[in-house]
Amino acid sequence: MGKRMSASRRGRSPGRTGSLLGATALTVGLLAGCGSDAGLKINVYYAPEDNFQSVVDDCTKASGGRYEVVYNKLPRPADGQREQMVRRLAAGDDSLDVLGLDVTWVSEFAEAGWADEWTGEAKAEATAGVLPGPLETATWNGKLYAATKNTNVQLLWYDDRLTPTPPKTWDEMIGQAQALKSQGKPANVVFTGAQYEGLVVIYNTLVESAGGKILSDDGKSVVMDEGAVKALEMLKKVTTAGITDPSLTNSKEDEVRQAFQRGNAAFELNWPFVYASYAKEKKAELQHFKWTTYPRFEADKPAKTTIGGYNLAVSSTSKHKAEAYEVALCLRNEKNQKFSALKDGVPPTLESLYTDTVPLDATAGVSDDNPSMDTKYPMRETILDALKDAAVRPLTPAYQNASTVLSKVLSPPSEIDPQKTAEKLKKELADALESKGVIP
């Protein structure tokens with residue numbers, strides 16, 4: 001999840017990446033002879049991203065005329081993106097080469113046999129320098145099925161005029177909000193409470209921060225342990241403490257952002273895109289817009305915040321796999337991850353970029369038109385801290401079913417009965433895992 005979001009069972013032999021890439025070197029001359037003019041096109045299916053075409057063009061140029069990279073823009077809603085790719089792959093469509101996958105889809109596409117396994121030199125390049133949390137989202141059953149393109153993680157945002165010292169725990173945040181309310185000041189805690197994936201992200205963060213599990217590590221069974229119940233208790237507590245807005249059950253990322261910017265809240269749990277919006281719309285007050293890592297569940301244990309993002313997989317139906325691996329690696333290399341981070345606000349998965357202070361155009365000075373990581377991401381160190389100990393959503397090929405169940409049962413959060421809700425989730429999630437539906 002993040003700025004753009006609001007986000008199976010047939011075997012197949014894994015892609016022989018190393019030998020395929022070796023073959024690429026042997027056929028360069030032939031491909032150069034054909035060239036993109038002869039019609040060799042590598043099709044990339046990816047979500048809408050304002051400046052992604054520039055990245056695509058860069059990779060076409062990098063091919064030296066061997067092929068043209070074509071950006072097939074998927075629908076904006078995550079469900080529509082997945083549905084379009086799933087239906088085409090299930091029909092054996094061989095025109096798909098590189099697949100842009102939300103971090104929650106990799107296990108489903110891998111289990112279905114739609115995404116090739118990454119091995120050899122391609123795997124080594126795709127994993128080098130990648131933060132462990134994002135890398136986990138690209139793996140399934142201990143194997144790599146995608147290259148990480150970008151990640152995302154929520155932070156706690158606040159106004160230092162209201163809260164000079166931000167809370168370190170959920171209990172502290174609730175207490176500070178109630179104190180502000182008693183003083184007649186903005187006091188609400190705003191987060192994604194609508195019945196959709198955003199609510200699942202909040203709950204998963206609470207579960208992981210409480211040391212709990214929703215599903216088993218192999219994604220085949222339901223756990224819903226003590227930590228999962230404690231997370232339900234906290235979600236109930238925060239939504240019945242008189243510090244959430246009546247619109248909570250309709251709040252998605254942008255409604256949360258707007259509520260805070262209007263001065264209707266003291267604390268905002270949201271993705272880093274909110275900083276750029278605040279800088280644009282309330283520039284005069286930007287110096288007071290602060291951030292810190294997500295509140296902890298327990299004071300002595302760091303929060304484990306659920307990450308979002310996108311990964312790039314090679315379609316198992318592709319007729320040009322060697323080139324597809326090459327393109328996927330190019331689209332998410334260090335240069336292009338930095339470009340996308342600075343131009344489209346999608347945090348990189350490469351740790352080195354969080355300490356990179358060189359502007360986009362290294363030959364010119366830093367400016368609004370030539371940003372650097374420290375100007376666009378003043379919160380980059382906090383993001384990095386969160387990413388180093390992050391949580392991922394339950395890894396299962398049936399994630400879409402599980403997510404639907406979670407968001408339905410958890411909504412509205414104020415009506416949660418921790419023990420009864422846990423039992424209901426245990427039963428309905430077990431049914432969801434059994435149905436294993438792939439086609440929407």
# chains A, B, ... in the order shown; residues from 1 in each chain; ligands from 1
$ residues_around --residues "Pro397 in chain A" --least-positions-apart "3" --cutoff "12 Å" --atoms "only C-alpha atoms" --output "PyMOL selection string"
chain A and resi 8-10+103-114+139-141+218-221+393-394+400-403+432-439
$ write_last_selection --atoms "C-alpha atoms" --output "PDB file, in the first residue's frame"
ATOM      1  CA  SER A   8      -3.372 -20.804  -8.068  1.00  0.00           C
ATOM      2  CA  ARG A   9      -2.286 -23.822  -7.944  1.00  0.00           C
ATOM      3  CA  ARG A  10      -0.680 -25.143 -11.120  1.00  0.00           C
ATOM      4  CA  VAL A 103       3.711  -7.012  -2.447  1.00  0.00           C
ATOM      5  CA  THR A 104       0.689  -9.113  -1.416  1.00  0.00           C
ATOM      6  CA  TRP A 105       0.413 -10.904  -4.786  1.00  0.00           C
ATOM      7  CA  VAL A 106       3.816 -12.587  -5.183  1.00  0.00           C
ATOM      8  CA  SER A 107       2.917 -15.814  -3.379  1.00  0.00           C
ATOM      9  CA  GLU A 108      -0.295 -16.181  -5.374  1.00  0.00           C
ATOM     10  CA  PHE A 109       1.413 -15.646  -8.737  1.00  0.00           C
ATOM     11  CA  ALA A 110       4.290 -17.948  -7.756  1.00  0.00           C
ATOM     12  CA  GLU A 111       1.999 -20.729  -6.549  1.00  0.00           C
ATOM     13  CA  ALA A 112      -0.105 -20.445  -9.690  1.00  0.00           C
ATOM     14  CA  GLY A 113       2.977 -20.879 -11.887  1.00  0.00           C
ATOM     15  CA  TRP A 114       2.624 -17.436 -13.448  1.00  0.00           C
ATOM     16  CA  THR A 139       9.900 -14.528  -1.872  1.00  0.00           C
ATOM     17  CA  TRP A 140       7.683 -17.571  -1.476  1.00  0.00           C
ATOM     18  CA  ASN A 141       8.599 -20.892   0.104  1.00  0.00           C
ATOM     19  CA  ASP A 218       3.750 -21.269   5.346  1.00  0.00           C
ATOM     20  CA  GLY A 219       0.372 -19.561   4.928  1.00  0.00           C
ATOM     21  CA  LYS A 220      -1.510 -22.854   5.156  1.00  0.00           C
ATOM     22  CA  SER A 221      -3.222 -22.534   8.520  1.00  0.00           C
ATOM     23  CA  ARG A 393       1.289  -9.065   5.549  1.00  0.00           C
ATOM     24  CA  PRO A 394       0.507 -12.787   5.854  1.00  0.00           C
ATOM     25  CA  GLN A 400      -7.039 -11.733  -1.494  1.00  0.00           C
ATOM     26  CA  ASN A 401      -9.591 -13.959   0.223  1.00  0.00           C
ATOM     27  CA  ALA A 402      -7.919 -13.533   3.618  1.00  0.00           C
ATOM     28  CA  SER A 403      -7.804  -9.761   3.261  1.00  0.00           C
ATOM     29  CA  ALA A 432     -10.811 -18.439   3.017  1.00  0.00           C
ATOM     30  CA  LEU A 433      -7.598 -20.457   2.855  1.00  0.00           C
ATOM     31  CA  GLU A 434      -9.520 -23.537   1.738  1.00  0.00           C
ATOM     32  CA  SER A 435     -11.375 -21.771  -1.074  1.00  0.00           C
ATOM     33  CA  LYS A 436      -8.090 -20.581  -2.561  1.00  0.00           C
ATOM     34  CA  GLY A 437      -9.839 -18.584  -5.246  1.00  0.00           C
ATOM     35  CA  VAL A 438      -7.537 -17.121  -7.908  1.00  0.00           C
ATOM     36  CA  ILE A 439      -9.826 -15.655 -10.548  1.00  0.00           C
TER      37      ILE A 439
END
$ residues_around --residues "Thr355 in chain A" --least-positions-apart "6" --cutoff "10 Å" --atoms "only C-alpha atoms" --output "JSON list (two decimals) with all heavy atoms, in the first residue's frame"
[["chain", "number", "residue", "atom", "x", "y", "z"],
["A", 373, "MET", "N", 17.69, 13.06, -2.09],
["A", 373, "MET", "CA", 16.97, 12.30, -1.08],
["A", 373, "MET", "C", 16.79, 13.09, 0.21],
["A", 373, "MET", "O", 15.76, 12.97, 0.89],
["A", 373, "MET", "CB", 17.69, 10.98, -0.80],
["A", 373, "MET", "CG", 17.60, 9.94, -1.91],
["A", 373, "MET", "SD", 15.91, 9.34, -2.21],
["A", 373, "MET", "CE", 15.60, 8.41, -0.70],
["A", 374, "ASP", "N", 17.76, 13.93, 0.56],
["A", 374, "ASP", "CA", 17.62, 14.67, 1.81],
["A", 374, "ASP", "C", 16.64, 15.83, 1.69],
["A", 374, "ASP", "O", 16.10, 16.28, 2.71],
["A", 374, "ASP", "CB", 18.97, 15.13, 2.36],
["A", 374, "ASP", "CG", 19.80, 15.89, 1.35],
["A", 374, "ASP", "OD1", 19.45, 15.89, 0.17],
["A", 374, "ASP", "OD2", 20.82, 16.48, 1.76],
["A", 380, "ARG", "N", 13.80, 10.35, 5.83],
["A", 380, "ARG", "CA", 14.37, 9.11, 5.29],
["A", 380, "ARG", "C", 15.00, 8.23, 6.36],
["A", 380, "ARG", "O", 14.91, 7.00, 6.29],
["A", 380, "ARG", "CB", 15.38, 9.41, 4.18],
["A", 380, "ARG", "CG", 16.63, 10.13, 4.63],
["A", 380, "ARG", "CD", 17.41, 10.71, 3.46],
["A", 380, "ARG", "NE", 18.66, 11.35, 3.89],
["A", 380, "ARG", "CZ", 18.73, 12.52, 4.50],
["A", 380, "ARG", "NH1", 17.62, 13.19, 4.76],
["A", 380, "ARG", "NH2", 19.88, 13.03, 4.85],
["A", 381, "GLU", "N", 15.63, 8.82, 7.38],
["A", 381, "GLU", "CA", 16.24, 8.02, 8.43],
["A", 381, "GLU", "C", 15.17, 7.29, 9.25],
["A", 381, "GLU", "O", 15.37, 6.14, 9.67],
["A", 381, "GLU", "CB", 17.10, 8.89, 9.34],
["A", 381, "GLU", "CG", 18.36, 9.44, 8.65],
["A", 381, "GLU", "CD", 19.21, 10.27, 9.58],
["A", 381, "GLU", "OE1", 18.84, 10.37, 10.79],
["A", 381, "GLU", "OE2", 20.23, 10.82, 9.13],
["A", 384, "LEU", "N", 13.93, 4.45, 7.15],
["A", 384, "LEU", "CA", 14.91, 3.37, 7.16],
["A", 384, "LEU", "C", 14.86, 2.59, 8.48],
["A", 384, "LEU", "O", 14.92, 1.35, 8.48],
["A", 384, "LEU", "CB", 16.31, 3.93, 6.93],
["A", 384, "LEU", "CG", 17.46, 2.91, 6.85],
["A", 384, "LEU", "CD1", 17.21, 1.90, 5.74],
["A", 384, "LEU", "CD2", 18.78, 3.63, 6.62]]
$ select_by_dssp --residues "range 47-244 of chain A" --states "strand (DSSP E or B)" --output "ChimeraX atom specification"
/A:68-73,98-102,115,130,139-140,143-144,147-153,155-159,169,189-190,215,222
$ closest_residue --among "A:Ala328, A:Val392, A:Ala364, A:Val207" --to "Trp118 in chain A" --atoms "only C-alpha atoms"
A:Ala328
$ closest_residue --among "A:Glu415, A:Tyr45, A:Tyr294, A:Thr148" --to "Val98 in chain A" --atoms "only C-alpha atoms"
A:Tyr45
$ atom_distance --atom1 "CA of Asn152 in chain A" --atom2 "CA of Pro272 in chain A"
7.7 Å
$ closest_residue --among "A:Leu395, A:Ala210, A:Leu248, A:Leu40" --to "Arg66 in chain A" --atoms "only C-alpha atoms"
A:Leu40
$ select_by_dssp --residues "range 324-394 of chain A" --states "helix (DSSP H, G or I)" --output "compact mmCIF listing (two decimals) with C-alpha atoms, in the first residue's frame"
# COMPACT_ATOMS: atom_id res chain seq x y z
CA ALA A 324 12.39 -9.74 -19.53
CA TYR A 325 14.84 -10.41 -16.68
CA GLU A 326 17.14 -7.76 -18.09
CA VAL A 327 14.33 -5.22 -18.28
CA ALA A 328 13.04 -5.99 -14.78
CA LEU A 329 16.52 -5.46 -13.36
CA CYS A 330 16.89 -2.19 -15.26
CA LEU A 331 13.53 -0.80 -14.12
CA GLU A 334 19.85 2.00 -8.28
CA LYS A 335 19.58 4.83 -10.79
CA ASN A 336 15.91 4.19 -11.54
CA GLN A 337 14.87 3.50 -7.95
CA LYS A 338 16.34 6.87 -7.04
CA PHE A 339 14.57 8.56 -9.94
CA SER A 340 11.21 7.02 -8.96
CA ALA A 341 11.73 7.91 -5.32
CA LEU A 342 12.41 11.56 -6.12
CA LYS A 343 9.89 11.99 -8.93
CA ASP A 344 7.02 9.75 -7.82
CA GLU A 351 19.40 0.64 1.67
CA SER A 352 22.23 2.68 0.12
CA LEU A 353 19.81 5.23 -1.32
CA TYR A 354 18.71 6.36 2.14
CA THR A 355 22.13 7.92 2.72
CA MET A 373 16.97 12.30 -1.08
CA ASP A 374 17.62 14.67 1.81
CA THR A 375 15.37 17.39 0.34
CA LYS A 376 12.50 15.11 -0.75
CA ARG A 380 14.37 9.11 5.29
CA GLU A 381 16.24 8.02 8.43
CA THR A 382 12.96 7.32 10.20
CA ILE A 383 11.70 5.37 7.18
CA LEU A 384 14.91 3.37 7.16
CA ASP A 385 14.63 2.62 10.88
CA ALA A 386 11.10 1.33 10.34
CA LEU A 387 12.10 -0.74 7.31
CA LYS A 388 14.91 -2.45 9.17
$ closest_residue --among "A:Glu423, A:Glu268, A:Asp217, A:Glu83" --to "Trp157 in chain A" --atoms "only C-alpha atoms"
A:Glu268
$ atom_distance --atom1 "CA of Ala122 in chain A" --atom2 "CA of Tyr145 in chain A"
11.1 Å
$ closest_atom_pairs --of "range 335-405 of chain A" --to "range 310-321 of chain A" --cutoff "12 Å" --atoms "only C-alpha atoms" --output "Markdown table"
| residue | atom | partner | partner_atom | distance |
| --- | --- | --- | --- | --- |
| A:Gln337 | CA | A:Tyr310 | CA | 11.6 |
| A:Val346 | CA | A:Tyr310 | CA | 9.4 |
| A:Pro347 | CA | A:Tyr310 | CA | 10.4 |
| A:Pro348 | CA | A:Tyr310 | CA | 10.2 |
| A:Thr349 | CA | A:Tyr310 | CA | 9.8 |
$ write_last_selection --atoms "C-alpha atoms" --output "mmCIF file, in the first residue's frame"
data_model
loop_
_atom_site.group_PDB
_atom_site.id
_atom_site.type_symbol
_atom_site.label_atom_id
_atom_site.label_comp_id
_atom_site.auth_asym_id
_atom_site.auth_seq_id
_atom_site.Cartn_x
_atom_site.Cartn_y
_atom_site.Cartn_z
ATOM 1 C CA GLN A 337 14.870 3.499 -7.953
ATOM 2 C CA VAL A 346 7.895 5.782 -3.856
ATOM 3 C CA PRO A 347 10.549 4.838 -1.261
ATOM 4 C CA PRO A 348 13.411 2.669 -2.576
ATOM 5 C CA THR A 349 14.166 -0.875 -1.442
#
$ closest_residue --among "A:Lys236, A:Lys181, A:Lys168, A:Lys252" --to "Thr293 in chain A" --atoms "only C-alpha atoms"
A:Lys168
$ closest_residue --among "A:Leu235, A:Ala147, A:Ala241, A:Val409" --to "Leu135 in chain A" --atoms "only C-alpha atoms"
A:Ala147
$ residues_around --residues "Pro75 in chain A" --least-positions-apart "4" --cutoff "9 Å" --atoms "only C-alpha atoms" --output "short mmCIF file (atom, residue, chain, number, x, y, z; two decimals) with C-alpha atoms, in the first residue's frame"
data_model
loop_
_atom_site.label_atom_id
_atom_site.label_comp_id
_atom_site.auth_asym_id
_atom_site.auth_seq_id
_atom_site.Cartn_x
_atom_site.Cartn_y
_atom_site.Cartn_z
CA TYR A 46 2.52 -1.96 -14.22
CA ALA A 47 0.37 0.35 -12.12
CA PRO A 48 -0.09 4.02 -13.05
CA ASP A 79 -7.98 -4.97 -7.55
CA GLY A 80 -8.31 -3.98 -11.20
CA GLN A 81 -4.56 -4.37 -11.76
CA GLN A 84 -6.39 -7.86 -15.56
#
